[in-house]
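Colleague: Mind looking over this structure? Questions follow.
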Amino acid sequence: MIDKNVVTKAVEEWLQKGDYYLVDVEMTADDRIVIEIDHADGVWIEDCADLSRHLQEALGEELGDYELEVGSAGIGQPFKVIQQYRNHIGKEVEVLQKNGQKLQGILKEIVEDSGHFVVTVKEKQQVEGKKRPVMVDVDKTIAFNDIKYCKYLLAFK
């Protein structure tokens with residue numbers, strides 16, 4: 001049986017030659033190894049194939065009966081690593097908080113030291129001098145451990 005740390009180390013060796021980063025390594029019960037990588041400009045199929053070949057060379061017979069699957073972190077899937085948040089600053093995201101509240105807005109910043117991020121959302125607020133509430137931009141600070149997920153919001157306009 002192959003160890004997840006061995007696979008992760010082999011992937012990280014390949015990652016050193018480019019701007020890709022590791023999102024996840026999953027070892028499934030049905031003997032599949034699923035590797036997700038990402039890049040600020042997207043992932044190319046040629047790079048997935050190159051990583052797959054690298055793993056087959058690096059791990060050789062250890063791969064044995066495992067089915068190897070290398071791909072990109074799916075667009076519209078929840079973020080798993082901090083680099084995905086960094087890559088989506090300035091883009092629209094959807095956040096589902098553990099309290100069930102769902103927000104949609106622009107990912108403004110990430111503050112890793114304090115474990116939170118900021119999303120700018122539109123809210124109706126009463127503005128002095130206006131008869132009716134108007135939509136205004138409001139920054140919401142959200143702790144990473146207070147969310148179920150945050151993901152890029154696909155917009156078809």
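Here's how to read the names in the structure tokens: chain A, B, ... by the order shown, residue numbers from 1 in each chain, ligand numbers from 1 in the order shown.
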So which residues touch A:Val111 within 12 Å, counting only C-alpha atoms, skipping near sequence neighbours fewer than 2 positions away, as a VMD selection string?
Modeller: chain A and resid 82 85 to 86 89 107 to 109 113 to 119 141 to 144
Colleague: Quick one: residues within 9 Å of stretch 38-52 of chain A, only C-alpha atoms counted, chain neighbours fewer than 4 positions away excluded, as a list in words?
Modeller: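 Those residues are Val11, Trp14, Leu15, Asp19, Tyr20, Tyr21, Leu22, Val23, Gln56, Glu57, Leu68, Glu69, Val70, Gly71, Ser72, Ala73, Gly74, Gln83, Gln84, Arg86, Asn87 and His88 of chain A.
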Colleague: Would you please work out which residue, of A:Leu59, A:Val136, A:Phe79, A:Ala29, is nearest to A:Ala10 when using only C-alpha atoms?
Modeller: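 Using only C-alpha atoms, A:Ala10 sits closest to A:Leu59.
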Colleague: Give me, please, the distance in Å between atom CA of A:Leu153 and atom CA of A:Glu94, quoted to one decimal.
Modeller: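 About the pair atom CA of A:Leu153 and atom CA of A:Glu94: they are 5.7 Å apart.
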Colleague: Using only C-alpha atoms, which protein or nucleic acid residues come within 10 Å of A:Thr8? Drop anything in the same chain fewer than 3 positions from it, and give the result as number ranges by chain.
Modeller: A: 3-5, 11-13, 22, 24-26, 35, 55
Colleague: Taking the DSSP assignment computed from this structure's backbone, write out as a ChimeraX atom specification all residues of stretch 15-113 of chain A that belong to strand (DSSP E or B).
Modeller: /A:21-27,32-38,67-72,78,92-97,102-111
Colleague: How about saving the chosen residues, C-alpha atoms kept, as a PDB file, in the first residue's frame?
Modeller:
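Written out: out-v7.pdb:
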```
ATOM      1  CA  TYR A  21       0.336  24.507  -6.436  1.00  0.00           C
ATOM      2  CA  LEU A  22      -1.141  21.470  -4.770  1.00  0.00           C
ATOM      3  CA  VAL A  23      -4.794  21.648  -3.779  1.00  0.00           C
ATOM      4  CA  ASP A  24      -5.434  18.095  -2.631  1.00  0.00           C
ATOM      5  CA  VAL A  25      -4.234  14.501  -2.666  1.00  0.00           C
ATOM      6  CA  GLU A  26      -6.964  11.979  -1.993  1.00  0.00           C
ATOM      7  CA  MET A  27      -6.503   8.247  -1.554  1.00  0.00           C
ATOM      8  CA  ARG A  32      -7.740   5.601  -6.674  1.00  0.00           C
ATOM      9  CA  ILE A  33      -5.257   8.396  -6.148  1.00  0.00           C
ATOM     10  CA  VAL A  34      -6.874  11.725  -7.022  1.00  0.00           C
ATOM     11  CA  ILE A  35      -4.564  14.734  -7.266  1.00  0.00           C
ATOM     12  CA  GLU A  36      -5.834  18.279  -7.723  1.00  0.00           C
ATOM     13  CA  ILE A  37      -3.504  21.080  -8.771  1.00  0.00           C
ATOM     14  CA  ASP A  38      -4.205  24.684  -9.627  1.00  0.00           C
ATOM     15  CA  GLU A  67      -5.729   4.230 -10.611  1.00  0.00           C
ATOM     16  CA  LEU A  68      -4.053   7.642 -10.912  1.00  0.00           C
ATOM     17  CA  GLU A  69      -6.196  10.689 -11.646  1.00  0.00           C
ATOM     18  CA  VAL A  70      -4.552  14.101 -12.056  1.00  0.00           C
ATOM     19  CA  GLY A  71      -6.636  17.192 -12.697  1.00  0.00           C
ATOM     20  CA  SER A  72      -7.353  20.771 -11.847  1.00  0.00           C
ATOM     21  CA  PRO A  78     -15.138  25.146  -2.734  1.00  0.00           C
ATOM     22  CA  GLU A  92     -17.089  37.327  -7.122  1.00  0.00           C
ATOM     23  CA  VAL A  93     -17.436  34.528  -4.570  1.00  0.00           C
ATOM     24  CA  GLU A  94     -20.193  32.733  -2.729  1.00  0.00           C
ATOM     25  CA  VAL A  95     -19.740  32.038   0.975  1.00  0.00           C
ATOM     26  CA  LEU A  96     -21.878  29.697   3.047  1.00  0.00           C
ATOM     27  CA  GLN A  97     -21.367  30.308   6.734  1.00  0.00           C
ATOM     28  CA  LYS A 102     -25.127  32.697   2.343  1.00  0.00           C
ATOM     29  CA  LEU A 103     -23.306  35.742   0.991  1.00  0.00           C
ATOM     30  CA  GLN A 104     -22.326  36.742  -2.512  1.00  0.00           C
ATOM     31  CA  GLY A 105     -19.813  39.469  -3.103  1.00  0.00           C
ATOM     32  CA  ILE A 106     -16.331  40.431  -4.191  1.00  0.00           C
ATOM     33  CA  LEU A 107     -13.415  38.822  -2.354  1.00  0.00           C
ATOM     34  CA  LYS A 108     -11.507  41.871  -1.151  1.00  0.00           C
ATOM     35  CA  GLU A 109      -8.640  40.562   0.980  1.00  0.00           C
ATOM     36  CA  ILE A 110      -7.276  37.689   3.027  1.00  0.00           C
ATOM     37  CA  VAL A 111      -5.730  38.214   6.445  1.00  0.00           C
TER      38      VAL A 111
END
```
Colleague: Take atom CA of A:Asn145 and atom CA of A:Lys98 and report the distance between them in Å, one decimal.
Modeller: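 Those two atoms sit 8.6 Å apart.
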Colleague: Please report the interatomic distance between atom CA of A:Tyr152 and atom CA of A:Gly76 in Å with one decimal.
Modeller: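 Spanning atom CA of A:Tyr152 to atom CA of A:Gly76 is a straight-line distance of 5.3 Å.
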Colleague: From the list A:Phe156, A:Asn99, A:Val6, A:Lys151, which residue is nearest A:Ile75 when using only C-alpha atoms?
Modeller: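 The answer is A:Lys151, which sits nearest to A:Ile75.
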Colleague: From the DSSP assignment of the backbone, select every residue of stretch 15-152 of chain A that is helix (DSSP H, G or I), and format the answer as a list in words.
Modeller: Leu15, Ile45, Glu46, Asp47, Cys48, Ala49, Asp50, Leu51, Ser52, Arg53, His54, Leu55, Gln56, Glu57, Ala58, Leu59, Gly60, Glu61, Glu62, Leu63, Ile82, Gln83, Gln84, Tyr85, Arg86, Asn87, Phe144, Asn145 and Asp146 of chain A
Colleague: Go ahead and save the picked residues with N, CA and C atoms, as a PDB file, in the first residue's frame.
Modeller:
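See result20.pdb below for the written result:
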```pdb
ATOM      1  N   LEU A  15       5.975  20.163  -8.688  1.00  0.00           N
ATOM      2  CA  LEU A  15       5.459  21.529  -8.555  1.00  0.00           C
ATOM      3  C   LEU A  15       6.577  22.572  -8.496  1.00  0.00           C
ATOM      4  N   ILE A  45      -4.167  20.663 -19.769  1.00  0.00           N
ATOM      5  CA  ILE A  45      -4.182  19.203 -19.819  1.00  0.00           C
ATOM      6  C   ILE A  45      -2.772  18.646 -19.992  1.00  0.00           C
ATOM      7  N   GLU A  46      -1.929  19.344 -20.739  1.00  0.00           N
ATOM      8  CA  GLU A  46      -0.561  18.890 -20.955  1.00  0.00           C
ATOM      9  C   GLU A  46       0.207  18.816 -19.641  1.00  0.00           C
ATOM     10  N   ASP A  47      -0.072  19.769 -18.747  1.00  0.00           N
ATOM     11  CA  ASP A  47       0.616  19.776 -17.459  1.00  0.00           C
ATOM     12  C   ASP A  47       0.121  18.642 -16.566  1.00  0.00           C
ATOM     13  N   CYS A  48      -1.164  18.338 -16.627  1.00  0.00           N
ATOM     14  CA  CYS A  48      -1.706  17.203 -15.871  1.00  0.00           C
ATOM     15  C   CYS A  48      -1.066  15.909 -16.362  1.00  0.00           C
ATOM     16  N   ALA A  49      -0.928  15.786 -17.681  1.00  0.00           N
ATOM     17  CA  ALA A  49      -0.297  14.592 -18.252  1.00  0.00           C
ATOM     18  C   ALA A  49       1.172  14.506 -17.840  1.00  0.00           C
ATOM     19  N   ASP A  50       1.857  15.648 -17.828  1.00  0.00           N
ATOM     20  CA  ASP A  50       3.267  15.676 -17.429  1.00  0.00           C
ATOM     21  C   ASP A  50       3.416  15.264 -15.960  1.00  0.00           C
ATOM     22  N   LEU A  51       2.541  15.761 -15.106  1.00  0.00           N
ATOM     23  CA  LEU A  51       2.583  15.381 -13.690  1.00  0.00           C
ATOM     24  C   LEU A  51       2.295  13.891 -13.532  1.00  0.00           C
ATOM     25  N   SER A  52       1.354  13.392 -14.277  1.00  0.00           N
ATOM     26  CA  SER A  52       1.023  11.971 -14.219  1.00  0.00           C
ATOM     27  C   SER A  52       2.235  11.121 -14.605  1.00  0.00           C
ATOM     28  N   ARG A  53       2.920  11.505 -15.683  1.00  0.00           N
ATOM     29  CA  ARG A  53       4.124  10.773 -16.103  1.00  0.00           C
ATOM     30  C   ARG A  53       5.205  10.859 -15.032  1.00  0.00           C
ATOM     31  N   HIS A  54       5.364  12.043 -14.441  1.00  0.00           N
ATOM     32  CA  HIS A  54       6.353  12.223 -13.377  1.00  0.00           C
ATOM     33  C   HIS A  54       6.063  11.283 -12.207  1.00  0.00           C
ATOM     34  N   LEU A  55       4.798  11.189 -11.826  1.00  0.00           N
ATOM     35  CA  LEU A  55       4.431  10.320 -10.707  1.00  0.00           C
ATOM     36  C   LEU A  55       4.663   8.859 -11.040  1.00  0.00           C
ATOM     37  N   GLN A  56       4.369   8.471 -12.267  1.00  0.00           N
ATOM     38  CA  GLN A  56       4.598   7.079 -12.668  1.00  0.00           C
ATOM     39  C   GLN A  56       6.084   6.743 -12.639  1.00  0.00           C
ATOM     40  N   GLU A  57       6.926   7.706 -13.037  1.00  0.00           N
ATOM     41  CA  GLU A  57       8.373   7.493 -12.991  1.00  0.00           C
ATOM     42  C   GLU A  57       8.885   7.511 -11.556  1.00  0.00           C
ATOM     43  N   ALA A  58       8.421   8.458 -10.758  1.00  0.00           N
ATOM     44  CA  ALA A  58       8.913   8.623  -9.387  1.00  0.00           C
ATOM     45  C   ALA A  58       8.455   7.495  -8.466  1.00  0.00           C
ATOM     46  N   LEU A  59       7.241   7.019  -8.669  1.00  0.00           N
ATOM     47  CA  LEU A  59       6.689   6.013  -7.755  1.00  0.00           C
ATOM     48  C   LEU A  59       6.792   4.595  -8.304  1.00  0.00           C
ATOM     49  N   GLY A  60       6.942   4.495  -9.608  1.00  0.00           N
ATOM     50  CA  GLY A  60       7.145   3.198 -10.240  1.00  0.00           C
ATOM     51  C   GLY A  60       6.162   2.137  -9.793  1.00  0.00           C
ATOM     52  N   GLU A  61       6.701   1.013  -9.341  1.00  0.00           N
ATOM     53  CA  GLU A  61       5.874  -0.128  -8.963  1.00  0.00           C
ATOM     54  C   GLU A  61       5.009   0.148  -7.738  1.00  0.00           C
ATOM     55  N   GLU A  62       5.370   1.151  -6.951  1.00  0.00           N
ATOM     56  CA  GLU A  62       4.563   1.478  -5.766  1.00  0.00           C
ATOM     57  C   GLU A  62       3.133   1.842  -6.165  1.00  0.00           C
ATOM     58  N   LEU A  63       2.970   2.408  -7.372  1.00  0.00           N
ATOM     59  CA  LEU A  63       1.616   2.740  -7.834  1.00  0.00           C
ATOM     60  C   LEU A  63       0.782   1.480  -7.997  1.00  0.00           C
ATOM     61  N   ILE A  82      -5.327  28.162   0.844  1.00  0.00           N
ATOM     62  CA  ILE A  82      -5.291  29.628   0.912  1.00  0.00           C
ATOM     63  C   ILE A  82      -4.916  30.251  -0.435  1.00  0.00           C
ATOM     64  N   GLN A  83      -4.088  29.574  -1.230  1.00  0.00           N
ATOM     65  CA  GLN A  83      -3.678  30.115  -2.534  1.00  0.00           C
ATOM     66  C   GLN A  83      -4.880  30.322  -3.448  1.00  0.00           C
ATOM     67  N   GLN A  84      -5.909  29.476  -3.319  1.00  0.00           N
ATOM     68  CA  GLN A  84      -7.108  29.656  -4.134  1.00  0.00           C
ATOM     69  C   GLN A  84      -7.814  30.963  -3.761  1.00  0.00           C
ATOM     70  N   TYR A  85      -7.823  31.298  -2.483  1.00  0.00           N
ATOM     71  CA  TYR A  85      -8.393  32.577  -2.057  1.00  0.00           C
ATOM     72  C   TYR A  85      -7.590  33.726  -2.662  1.00  0.00           C
ATOM     73  N   ARG A  86      -6.264  33.639  -2.580  1.00  0.00           N
ATOM     74  CA  ARG A  86      -5.400  34.696  -3.137  1.00  0.00           C
ATOM     75  C   ARG A  86      -5.670  34.897  -4.622  1.00  0.00           C
ATOM     76  N   ASN A  87      -5.820  33.802  -5.361  1.00  0.00           N
ATOM     77  CA  ASN A  87      -6.027  33.892  -6.804  1.00  0.00           C
ATOM     78  C   ASN A  87      -7.371  34.508  -7.173  1.00  0.00           C
ATOM     79  N   PHE A 144     -12.241  32.091   8.672  1.00  0.00           N
ATOM     80  CA  PHE A 144     -12.183  30.852   7.905  1.00  0.00           C
ATOM     81  C   PHE A 144     -12.900  29.709   8.632  1.00  0.00           C
ATOM     82  N   ASN A 145     -12.768  29.656   9.948  1.00  0.00           N
ATOM     83  CA  ASN A 145     -13.384  28.544  10.673  1.00  0.00           C
ATOM     84  C   ASN A 145     -14.878  28.749  10.930  1.00  0.00           C
ATOM     85  N   ASP A 146     -15.447  29.837  10.426  1.00  0.00           N
ATOM     86  CA  ASP A 146     -16.893  30.071  10.552  1.00  0.00           C
ATOM     87  C   ASP A 146     -17.658  29.783   9.258  1.00  0.00           C
TER      88      ASP A 146
END
```
